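Some notes on the structure that comes next.
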Amino acid sequence: MAGLDIRELECFLVLSEELHFGRAAERLYVSQSRVSQLLRNLERRIGARLLERTSRRARLTPLGERFLAELRPAYEALYGAFESARGAARGVDGVLRIGFQGAADERVTAAIAAFRERHPGCEPTTVEIPLADPFGAVRAGEVDAAIVCLPVAEPDLVLGPVFSKQPQTVVVPARHPFAGRDHH
């Protein structure tokens, strides 16, 4: 493993996806010349070209294609092991029970998918909680967290970040005294 540089490997992986030095530089948050330098260093360590580049395009050499096929699963396994250890160090493993009201819309499912990707050692599960008792499941320990509508004024609960700023509407019967009021 002597001489193995993770930045060079990451650079090669991104370049193999983008096949464009400028886009690869943007994704890696480095300059285009740094991308070229990282690739040159990796090619020097390996002893052959991995990418053919002209002023118009870049493409993998046959050796670059073979290296990519062997590197990608190894890199993903290494990254997974790192994330697993990091999650375990932060105590983010096991099962996370998330309560929600109504239907789990695309924001909820996208947030759960992002959490699952960031914390592979923790399996999030969803539990529907009743509209009439949004905090009962949290208080009873049936869920670890709940996505509820604001406002929340519960002294024994901690309010986290706002999950969604979706506007809410109040509905009253047509004969209600508030029905004739302006919506402001």
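Starting from 1 in every chain, residues are counted up; chains themselves are A, B, ... following the order of the structure tokens, and ligands are numbered from 1 as listed.
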
Quiz item: Near Ala137 of chain A, counting only C-alpha atoms, which residues have an atom at most 10 Å away, once you skip same-chain residues fewer than 6 positions from it, shown as a list of chain:residue names?
Solution: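 What passes the distance filter is A:Ile98, A:Gly99, A:Val127, A:Glu128, A:Ile129, A:Pro130, A:Val143, A:Asp144, A:Ala145, A:Ala146.
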
Practice problem: Mind checking which residues fall within 6 Å of segment 24-28 of chain A, counting only C-alpha atoms, ignoring those fewer than 3 positions away in the same chain, and posting them as a list in words? | Solution: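 So the residues in contact are Val14, Leu15, Phe21, Ser31 and Gln32 of chain A.
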
Would you output that residue set with C-alpha atoms, as an mmCIF file, in the first residue's frame?
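Saved to result-v3.cif:
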```cif
data_model
loop_
_atom_site.group_PDB
_atom_site.id
_atom_site.type_symbol
_atom_site.label_atom_id
_atom_site.label_comp_id
_atom_site.auth_asym_id
_atom_site.auth_seq_id
_atom_site.Cartn_x
_atom_site.Cartn_y
_atom_site.Cartn_z
ATOM 1 C CA VAL A 14 -14.499 11.123 -10.858
ATOM 2 C CA LEU A 15 -12.563 11.608 -14.110
ATOM 3 C CA PHE A 21 -11.164 17.752 -16.496
ATOM 4 C CA SER A 31 -8.503 23.419 -9.827
ATOM 5 C CA GLN A 32 -8.280 21.783 -13.230
#
```

Practice problem: Can you work out which one of A:Pro120, A:Ile147, A:Phe12, A:Arg175 has the shortest atom-to-atom distance to Val108 of chain A, counting only C-alpha atoms? | Solution: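 Of the candidates, the smallest distance to Val108 of chain A is held by A:Ile147.
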
Quiz item: Could you pull the residues within 10 Å of Ala81 of chain A, counting only C-alpha atoms, minus those fewer than 5 positions along the same chain, as a count of residues only?
Solution: 6

Quiz prompt | Nearest-residue call for Ala85 of chain A, choices A:Arg118, A:Ala153, A:Leu4, A:Arg23, using only C-alpha atoms | solution = A:Arg118

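Considering only C-alpha atoms, the residue among A:Val95, A:Thr125, A:Leu39, A:Val162 positioned nearest to Thr109 of chain A is A:Thr125.
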
Quiz prompt | Distance criterion (only C-alpha atoms): nearest to Phe67 of chain A out of A:Leu96, A:Val138, A:Ala88, A:Leu42 | solution =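 Among A:Leu96, A:Val138, A:Ala88, A:Leu42, it is A:Leu42 that comes nearest to Phe67 of chain A.
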
Backbone-only DSSP, helix (DSSP H, G or I) members of chain A, as an mmCIF file with C-alpha atoms, in the first residue's frame:
```cif
data_model
loop_
_atom_site.group_PDB
_atom_site.id
_atom_site.type_symbol
_atom_site.label_atom_id
_atom_site.label_comp_id
_atom_site.auth_asym_id
_atom_site.auth_seq_id
_atom_site.Cartn_x
_atom_site.Cartn_y
_atom_site.Cartn_z
ATOM 1 C CA ILE A 6 -6.692 8.258 -1.787
ATOM 2 C CA ARG A 7 -7.054 11.685 -3.463
ATOM 3 C CA GLU A 8 -5.471 10.328 -6.631
ATOM 4 C CA LEU A 9 -7.878 7.383 -6.623
ATOM 5 C CA GLU A 10 -10.887 9.649 -6.011
ATOM 6 C CA CYS A 11 -9.728 11.915 -8.807
ATOM 7 C CA PHE A 12 -9.433 8.975 -11.203
ATOM 8 C CA LEU A 13 -12.908 7.722 -10.259
ATOM 9 C CA VAL A 14 -14.499 11.123 -10.858
ATOM 10 C CA LEU A 15 -12.563 11.608 -14.110
ATOM 11 C CA SER A 16 -13.721 8.183 -15.305
ATOM 12 C CA GLU A 17 -17.335 9.317 -14.781
ATOM 13 C CA GLU A 18 -17.006 12.819 -16.195
ATOM 14 C CA PHE A 21 -11.164 17.752 -16.496
ATOM 15 C CA GLY A 22 -13.186 20.906 -15.826
ATOM 16 C CA ARG A 23 -16.281 19.056 -14.546
ATOM 17 C CA ALA A 24 -14.106 16.708 -12.512
ATOM 18 C CA ALA A 25 -12.391 19.713 -10.933
ATOM 19 C CA GLU A 26 -15.771 21.212 -10.009
ATOM 20 C CA ARG A 27 -16.944 17.979 -8.393
ATOM 21 C CA LEU A 28 -13.694 17.604 -6.458
ATOM 22 C CA GLN A 32 -8.280 21.783 -13.230
ATOM 23 C CA SER A 33 -4.489 21.786 -12.961
ATOM 24 C CA ARG A 34 -4.756 19.906 -9.635
ATOM 25 C CA VAL A 35 -6.866 17.235 -11.354
ATOM 26 C CA SER A 36 -4.186 16.893 -14.046
ATOM 27 C CA GLN A 37 -1.471 16.700 -11.380
ATOM 28 C CA LEU A 38 -3.312 14.006 -9.383
ATOM 29 C CA LEU A 39 -3.873 11.924 -12.508
ATOM 30 C CA ARG A 40 -0.217 12.294 -13.607
ATOM 31 C CA ASN A 41 0.958 11.195 -10.152
ATOM 32 C CA LEU A 42 -1.316 8.141 -10.219
ATOM 33 C CA GLU A 43 -0.221 7.209 -13.735
ATOM 34 C CA ARG A 44 3.430 7.583 -12.673
ATOM 35 C CA ARG A 45 2.867 5.272 -9.672
ATOM 36 C CA ILE A 46 1.155 2.683 -11.884
ATOM 37 C CA PRO A 62 -7.841 -0.264 -21.900
ATOM 38 C CA LEU A 63 -5.675 -0.338 -18.753
ATOM 39 C CA GLY A 64 -7.738 2.533 -17.334
ATOM 40 C CA GLU A 65 -10.942 0.570 -17.944
ATOM 41 C CA ARG A 66 -9.503 -2.511 -16.231
ATOM 42 C CA PHE A 67 -8.186 -0.441 -13.321
ATOM 43 C CA LEU A 68 -11.594 1.235 -12.950
ATOM 44 C CA ALA A 69 -13.400 -2.129 -12.908
ATOM 45 C CA GLU A 70 -11.131 -3.347 -10.088
ATOM 46 C CA LEU A 71 -10.899 -0.045 -8.209
ATOM 47 C CA ARG A 72 -14.583 0.926 -7.990
ATOM 48 C CA PRO A 73 -15.802 -2.011 -5.831
ATOM 49 C CA ALA A 74 -12.697 -1.807 -3.650
ATOM 50 C CA TYR A 75 -13.123 1.948 -3.173
ATOM 51 C CA GLU A 76 -16.836 1.566 -2.385
ATOM 52 C CA ALA A 77 -16.031 -1.127 0.183
ATOM 53 C CA LEU A 78 -13.333 1.080 1.733
ATOM 54 C CA TYR A 79 -15.679 4.069 1.819
ATOM 55 C CA GLY A 80 -18.443 1.909 3.321
ATOM 56 C CA ALA A 81 -16.105 0.639 6.046
ATOM 57 C CA PHE A 82 -15.066 4.223 6.840
ATOM 58 C CA GLU A 83 -18.676 5.445 7.009
ATOM 59 C CA SER A 84 -19.677 2.463 9.139
ATOM 60 C CA ALA A 85 -16.877 3.150 11.615
ATOM 61 C CA ARG A 86 -17.703 6.853 11.656
ATOM 62 C CA GLY A 87 -21.372 6.102 12.278
ATOM 63 C CA ALA A 88 -20.520 3.665 15.066
ATOM 64 C CA ALA A 89 -18.229 6.264 16.654
ATOM 65 C CA GLU A 106 -41.512 12.511 -1.302
ATOM 66 C CA ARG A 107 -39.723 14.861 1.129
ATOM 67 C CA VAL A 108 -39.989 12.307 3.923
ATOM 68 C CA THR A 109 -38.913 9.388 1.736
ATOM 69 C CA ALA A 110 -36.034 11.431 0.225
ATOM 70 C CA ALA A 111 -34.826 12.439 3.702
ATOM 71 C CA ILE A 112 -34.974 8.821 4.862
ATOM 72 C CA ALA A 113 -33.055 7.668 1.779
ATOM 73 C CA ALA A 114 -30.379 10.333 2.383
ATOM 74 C CA PHE A 115 -30.111 9.283 6.039
ATOM 75 C CA ARG A 116 -29.800 5.611 5.034
ATOM 76 C CA GLU A 117 -27.009 6.483 2.579
ATOM 77 C CA ARG A 118 -25.082 8.572 5.146
ATOM 78 C CA GLY A 136 -47.793 10.239 22.436
ATOM 79 C CA ALA A 137 -45.542 7.860 20.470
ATOM 80 C CA VAL A 138 -42.461 9.969 21.260
ATOM 81 C CA ARG A 139 -43.318 10.159 24.954
ATOM 82 C CA PRO A 177 -67.749 33.548 12.112
ATOM 83 C CA PHE A 178 -64.182 33.320 10.716
ATOM 84 C CA ALA A 179 -65.382 32.260 7.258
ATOM 85 C CA GLY A 180 -66.031 35.847 6.173
#
```

Exercise. Write out as a ChimeraX atom specification all residues of segment 7-160 of chain A that DSSP puts in strand (DSSP E or B) for this structure's backbone.
Key: /A:51-53,58-60,94-100,122-128,145-147

File of the preceding selection, N, CA and C atoms, as an mmCIF file, in the first residue's frame:
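Once written, again30.cif looks like this:
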```cif
data_model
loop_
_atom_site.group_PDB
_atom_site.id
_atom_site.type_symbol
_atom_site.label_atom_id
_atom_site.label_comp_id
_atom_site.auth_asym_id
_atom_site.auth_seq_id
_atom_site.Cartn_x
_atom_site.Cartn_y
_atom_site.Cartn_z
ATOM 1 N N LEU A 51 -5.674 7.370 -18.894
ATOM 2 C CA LEU A 51 -6.609 8.214 -19.625
ATOM 3 C C LEU A 51 -5.894 8.795 -20.830
ATOM 4 N N GLU A 52 -6.514 8.701 -21.990
ATOM 5 C CA GLU A 52 -6.012 9.390 -23.175
ATOM 6 C C GLU A 52 -6.712 10.722 -23.233
ATOM 7 N N ARG A 53 -5.963 11.787 -23.402
ATOM 8 C CA ARG A 53 -6.578 13.105 -23.411
ATOM 9 C C ARG A 53 -6.078 13.907 -24.603
ATOM 10 N N ALA A 58 -11.502 13.287 -23.440
ATOM 11 C CA ALA A 58 -10.714 12.344 -22.654
ATOM 12 C C ALA A 58 -11.446 11.011 -22.682
ATOM 13 N N ARG A 59 -10.683 9.916 -22.670
ATOM 14 C CA ARG A 59 -11.297 8.593 -22.591
ATOM 15 C C ARG A 59 -10.318 7.654 -21.902
ATOM 16 N N LEU A 60 -10.887 6.627 -21.296
ATOM 17 C CA LEU A 60 -10.069 5.655 -20.593
ATOM 18 C C LEU A 60 -9.294 4.796 -21.575
ATOM 19 N N GLY A 94 -27.966 0.725 14.430
ATOM 20 C CA GLY A 94 -29.173 0.106 14.958
ATOM 21 C C GLY A 94 -30.379 0.478 14.117
ATOM 22 N N VAL A 95 -31.478 0.811 14.794
ATOM 23 C CA VAL A 95 -32.725 1.164 14.122
ATOM 24 C C VAL A 95 -33.165 2.541 14.600
ATOM 25 N N LEU A 96 -33.580 3.390 13.674
ATOM 26 C CA LEU A 96 -34.135 4.702 13.993
ATOM 27 C C LEU A 96 -35.609 4.670 13.607
ATOM 28 N N ARG A 97 -36.485 4.807 14.592
ATOM 29 C CA ARG A 97 -37.927 4.771 14.353
ATOM 30 C C ARG A 97 -38.429 6.212 14.223
ATOM 31 N N ILE A 98 -38.973 6.529 13.059
ATOM 32 C CA ILE A 98 -39.412 7.891 12.755
ATOM 33 C C ILE A 98 -40.927 7.906 12.629
ATOM 34 N N GLY A 99 -41.574 8.700 13.461
ATOM 35 C CA GLY A 99 -43.019 8.845 13.387
ATOM 36 C C GLY A 99 -43.391 9.958 12.424
ATOM 37 N N PHE A 100 -44.493 9.786 11.720
ATOM 38 C CA PHE A 100 -44.983 10.829 10.814
ATOM 39 C C PHE A 100 -46.497 10.784 10.810
ATOM 40 N N CYS A 122 -27.315 2.134 10.287
ATOM 41 C CA CYS A 122 -28.576 2.425 10.969
ATOM 42 C C CYS A 122 -29.727 2.269 9.983
ATOM 43 N N GLU A 123 -30.726 1.502 10.364
ATOM 44 C CA GLU A 123 -31.873 1.279 9.488
ATOM 45 C C GLU A 123 -33.060 2.126 9.949
ATOM 46 N N PRO A 124 -33.412 3.154 9.188
ATOM 47 C CA PRO A 124 -34.583 3.961 9.564
ATOM 48 C C PRO A 124 -35.878 3.247 9.182
ATOM 49 N N THR A 125 -36.837 3.284 10.088
ATOM 50 C CA THR A 125 -38.165 2.739 9.803
ATOM 51 C C THR A 125 -39.181 3.824 10.108
ATOM 52 N N THR A 126 -40.302 3.786 9.406
ATOM 53 C CA THR A 126 -41.341 4.791 9.618
ATOM 54 C C THR A 126 -42.534 4.172 10.319
ATOM 55 N N VAL A 127 -43.151 4.986 11.176
ATOM 56 C CA VAL A 127 -44.324 4.575 11.933
ATOM 57 C C VAL A 127 -45.338 5.698 11.811
ATOM 58 N N GLU A 128 -46.535 5.384 11.360
ATOM 59 C CA GLU A 128 -47.569 6.420 11.284
ATOM 60 C C GLU A 128 -48.095 6.694 12.683
ATOM 61 N N ALA A 145 -38.111 9.745 17.002
ATOM 62 C CA ALA A 145 -38.348 11.118 16.569
ATOM 63 C C ALA A 145 -39.649 11.134 15.782
ATOM 64 N N ALA A 146 -40.258 12.304 15.684
ATOM 65 C CA ALA A 146 -41.503 12.416 14.937
ATOM 66 C C ALA A 146 -41.492 13.675 14.095
ATOM 67 N N ILE A 147 -42.044 13.566 12.906
ATOM 68 C CA ILE A 147 -42.233 14.709 12.029
ATOM 69 C C ILE A 147 -43.665 15.158 12.252
#
```

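Between atom CA of Arg90 of chain A and atom CA of Ala140 of chain A there is a distance of 24.6 Å.
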
Exercise. Record the distance separating atom CA of Cys149 of chain A and atom CA of Gln101 of chain A, expressed in Å with one decimal.
Key: 8.5 Å
